[in-house]
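target.pdb, holding PDB, C-alpha atoms:
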```pdb
ATOM      1  CA  ASP A   1    -144.708 -25.856 -17.911  1.00  0.00           C
ATOM      2  CA  ALA A   2    -147.244 -26.575 -15.193  1.00  0.00           C
ATOM      3  CA  ILE A   3    -147.320 -27.522 -11.531  1.00  0.00           C
ATOM      4  CA  VAL A   4    -150.303 -29.403 -10.119  1.00  0.00           C
ATOM      5  CA  LEU A   5    -151.298 -29.521  -6.460  1.00  0.00           C
ATOM      6  CA  ALA A   6    -153.759 -32.374  -6.097  1.00  0.00           C
ATOM      7  CA  VAL A   7    -156.033 -32.474  -3.038  1.00  0.00           C
ATOM      8  CA  SER A   8    -153.399 -31.047  -0.700  1.00  0.00           C
ATOM      9  CA  VAL A   9    -153.952 -27.290  -0.514  1.00  0.00           C
ATOM     10  CA  GLN A  10    -156.095 -27.630   2.621  1.00  0.00           C
ATOM     11  CA  TYR A  11    -153.026 -28.772   4.588  1.00  0.00           C
ATOM     12  CA  LEU A  12    -150.693 -25.867   3.761  1.00  0.00           C
ATOM     13  CA  THR A  13    -149.698 -23.893   6.856  1.00  0.00           C
ATOM     14  CA  ASP A  14    -147.909 -21.146   4.883  1.00  0.00           C
ATOM     15  CA  PRO A  15    -149.839 -21.076   1.594  1.00  0.00           C
ATOM     16  CA  PHE A  16    -148.899 -17.542   0.536  1.00  0.00           C
ATOM     17  CA  THR A  17    -145.196 -18.427   0.583  1.00  0.00           C
ATOM     18  CA  VAL A  18    -145.866 -21.726  -1.199  1.00  0.00           C
ATOM     19  CA  PHE A  19    -147.765 -20.064  -4.060  1.00  0.00           C
ATOM     20  CA  ALA A  20    -145.142 -17.336  -4.416  1.00  0.00           C
ATOM     21  CA  ASP A  21    -142.442 -20.020  -4.626  1.00  0.00           C
ATOM     22  CA  ILE A  22    -144.439 -22.001  -7.174  1.00  0.00           C
ATOM     23  CA  ALA A  23    -144.718 -18.913  -9.363  1.00  0.00           C
ATOM     24  CA  ARG A  24    -140.981 -18.291  -8.988  1.00  0.00           C
ATOM     25  CA  CYS A  25    -140.254 -21.830 -10.246  1.00  0.00           C
ATOM     26  CA  LEU A  26    -142.607 -21.644 -13.249  1.00  0.00           C
ATOM     27  CA  VAL A  27    -141.472 -20.505 -16.659  1.00  0.00           C
ATOM     28  CA  PRO A  28    -143.043 -17.269 -17.934  1.00  0.00           C
ATOM     29  CA  GLY A  29    -146.616 -18.097 -18.872  1.00  0.00           C
ATOM     30  CA  GLY A  30    -146.460 -21.224 -16.673  1.00  0.00           C
ATOM     31  CA  LEU A  31    -149.530 -22.666 -15.038  1.00  0.00           C
ATOM     32  CA  CYS A  32    -150.251 -23.606 -11.433  1.00  0.00           C
ATOM     33  CA  ILE A  33    -153.276 -25.896 -11.130  1.00  0.00           C
ATOM     34  CA  VAL A  34    -154.887 -26.679  -7.787  1.00  0.00           C
ATOM     35  CA  ALA A  35    -157.288 -29.627  -7.784  1.00  0.00           C
ATOM     36  CA  MET A  36    -159.487 -29.806  -4.700  1.00  0.00           C
ATOM     37  CA  SER A  37    -162.628 -31.339  -3.279  1.00  0.00           C
ATOM     38  CA  HIS A  38    -164.628 -30.990  -0.082  1.00  0.00           C
ATOM     39  CA  ARG A  39    -162.889 -33.974   1.475  1.00  0.00           C
ATOM     40  CA  CYS A  40    -159.968 -33.711   3.862  1.00  0.00           C
ATOM     41  CA  PHE A  41    -158.429 -35.261   6.947  1.00  0.00           C
ATOM     42  CA  PRO A  42    -160.139 -33.101   9.592  1.00  0.00           C
ATOM     43  CA  THR A  43    -157.294 -33.373  12.089  1.00  0.00           C
ATOM     44  CA  LYS A  44    -154.757 -32.170   9.494  1.00  0.00           C
ATOM     45  CA  ALA A  45    -156.607 -29.493   7.496  1.00  0.00           C
ATOM     46  CA  VAL A  46    -156.077 -25.857   8.414  1.00  0.00           C
ATOM     47  CA  GLN A  47    -158.896 -24.189  10.342  1.00  0.00           C
ATOM     48  CA  ALA A  48    -160.144 -22.126   7.380  1.00  0.00           C
ATOM     49  CA  PHE A  49    -161.174 -25.279   5.539  1.00  0.00           C
ATOM     50  CA  HIS A  50    -163.333 -26.283   8.492  1.00  0.00           C
ATOM     51  CA  GLN A  51    -165.032 -22.910   8.764  1.00  0.00           C
ATOM     52  CA  LEU A  52    -165.569 -21.854   5.139  1.00  0.00           C
ATOM     53  CA  SER A  53    -168.230 -23.035   2.721  1.00  0.00           C
ATOM     54  CA  PRO A  54    -167.015 -24.838  -0.433  1.00  0.00           C
ATOM     55  CA  PRO A  55    -167.327 -21.712  -2.650  1.00  0.00           C
ATOM     56  CA  ASP A  56    -165.448 -19.698  -0.035  1.00  0.00           C
ATOM     57  CA  ARG A  57    -162.691 -22.324   0.042  1.00  0.00           C
ATOM     58  CA  VAL A  58    -162.260 -21.882  -3.702  1.00  0.00           C
ATOM     59  CA  GLY A  59    -162.078 -18.128  -3.145  1.00  0.00           C
ATOM     60  CA  LEU A  60    -159.483 -18.632  -0.425  1.00  0.00           C
ATOM     61  CA  VAL A  61    -157.258 -20.651  -2.747  1.00  0.00           C
ATOM     62  CA  ALA A  62    -157.629 -17.993  -5.446  1.00  0.00           C
ATOM     63  CA  SER A  63    -156.568 -15.402  -2.855  1.00  0.00           C
ATOM     64  CA  TYR A  64    -153.412 -17.432  -2.143  1.00  0.00           C
ATOM     65  CA  MET A  65    -152.482 -16.840  -5.772  1.00  0.00           C
ATOM     66  CA  SER A  66    -153.674 -13.248  -6.112  1.00  0.00           C
ATOM     67  CA  THR A  67    -151.980 -12.085  -2.917  1.00  0.00           C
ATOM     68  CA  SER A  68    -148.605 -13.193  -4.238  1.00  0.00           C
ATOM     69  CA  GLU A  69    -149.140 -10.872  -7.246  1.00  0.00           C
ATOM     70  CA  ALA A  70    -147.184 -13.416  -9.307  1.00  0.00           C
ATOM     71  CA  TYR A  71    -150.128 -14.705 -11.336  1.00  0.00           C
ATOM     72  CA  ASP A  72    -151.746 -12.507 -13.952  1.00  0.00           C
ATOM     73  CA  THR A  73    -154.661 -14.838 -14.666  1.00  0.00           C
ATOM     74  CA  ILE A  74    -156.630 -16.833 -12.080  1.00  0.00           C
ATOM     75  CA  GLU A  75    -159.583 -18.970 -13.202  1.00  0.00           C
ATOM     76  CA  PHE A  76    -161.935 -21.558 -11.732  1.00  0.00           C
ATOM     77  CA  ALA A  77    -163.433 -24.674 -13.329  1.00  0.00           C
ATOM     78  CA  ASP A  78    -165.861 -27.203 -11.867  1.00  0.00           C
ATOM     79  CA  ARG A  79    -164.988 -30.638 -13.245  1.00  0.00           C
ATOM     80  CA  SER A  80    -167.176 -32.603 -10.838  1.00  0.00           C
ATOM     81  CA  PRO A  81    -168.301 -35.949 -12.225  1.00  0.00           C
ATOM     82  CA  PRO A  82    -172.037 -36.652 -11.921  1.00  0.00           C
ATOM     83  CA  GLY A  83    -172.928 -38.396  -8.670  1.00  0.00           C
ATOM     84  CA  ALA A  84    -169.416 -38.216  -7.218  1.00  0.00           C
ATOM     85  CA  ASP A  85    -167.372 -35.958  -4.974  1.00  0.00           C
ATOM     86  CA  PRO A  86    -166.750 -32.501  -6.384  1.00  0.00           C
ATOM     87  CA  LEU A  87    -163.586 -31.716  -8.304  1.00  0.00           C
ATOM     88  CA  TRP A  88    -162.760 -28.027  -8.410  1.00  0.00           C
ATOM     89  CA  LEU A  89    -159.785 -26.616 -10.295  1.00  0.00           C
ATOM     90  CA  ILE A  90    -158.189 -23.237  -9.699  1.00  0.00           C
ATOM     91  CA  TYR A  91    -155.744 -22.163 -12.413  1.00  0.00           C
ATOM     92  CA  GLY A  92    -153.123 -19.473 -11.977  1.00  0.00           C
ATOM     93  CA  ARG A  93    -150.917 -18.404 -14.885  1.00  0.00           C
ATOM     94  CA  THR A  94    -147.713 -16.414 -14.527  1.00  0.00           C
ATOM     95  CA  PRO A  95    -147.241 -13.464 -16.888  1.00  0.00           C
ATOM     96  CA  PRO A  96    -145.453 -14.112 -20.162  1.00  0.00           C
ATOM     97  CA  ARG A  97    -142.251 -12.202 -20.713  1.00  0.00           C
TER      98      ARG A  97
END
```

Will you turn the file into structure tokens for me?
Amino acid sequence: DAIVLAVSVQYLTDPFTVFADIARCLVPGGLCIVAMSHRCFPTKAVQAFHQLSPPDRVGLVASYMSTSEAYDTIEFADRSPPGADPLWLIYGRTPPR
């Protein structure tokens, strides 16, 4: 099983709780995938997304997963199409039983 958060992580006001709850809902070995870009609604995004560089934003999202201690594998992939907005994926997998 997998859960995908598409271009919405920058609006979470309690991300650590959200990622812990996602992990709780996943089957053992389940996958949480966050798809993000540099775009956002400036008036709605949390302050960190305004202040951090794009690589640091990716690191922040990875920290949302690692802080919950519910994901045993966290990986990053850049799937940006040539000449278009970036598409960054952060994968977190829950431990198998």

key: Selection under test: the PyMOL selection byres ((chain A and resi 36) around 6); residues as a list in words   =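 Applied to this file, the PyMOL selection byres ((chain A and resi 36) around 6) selects Val7, Ala35, Ser37, Leu87 and Trp88 of chain A.
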
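Proximity ranking of A:Cys25, A:Val18, A:Ala48, A:Leu31 relative to Tyr64 of chain A places A:Val18 first, based on all atoms listed in the file.
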
query = Which one is closest to Leu89 of chain A: A:Cys40, A:Leu12, A:Leu26, A:Val4? Count all atoms listed in the file.
reply = A:Val4

inquiry  = As an exercise, work out the distance from atom CA of Ala77 of chain A to atom CA of Tyr91 of chain A in Å and give it to one decimal place.
reply    = 8.1 Å

inquiry  = Here is a test: counting only C-alpha atoms, which residue of A:Leu60, A:Ala84, A:Leu52, A:Ile3 is nearest to Asp21 of chain A?
reply    =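 Nearest to Asp21 of chain A: A:Ile3.
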
message = Please compute the atom CA of Ser63 of chain A-atom CA of Arg79 of chain A distance, one decimal, in Å.
response = 20.3 Å

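Going from atom CA of Ile74 of chain A to atom CA of Arg93 of chain A covers 6.6 Å.
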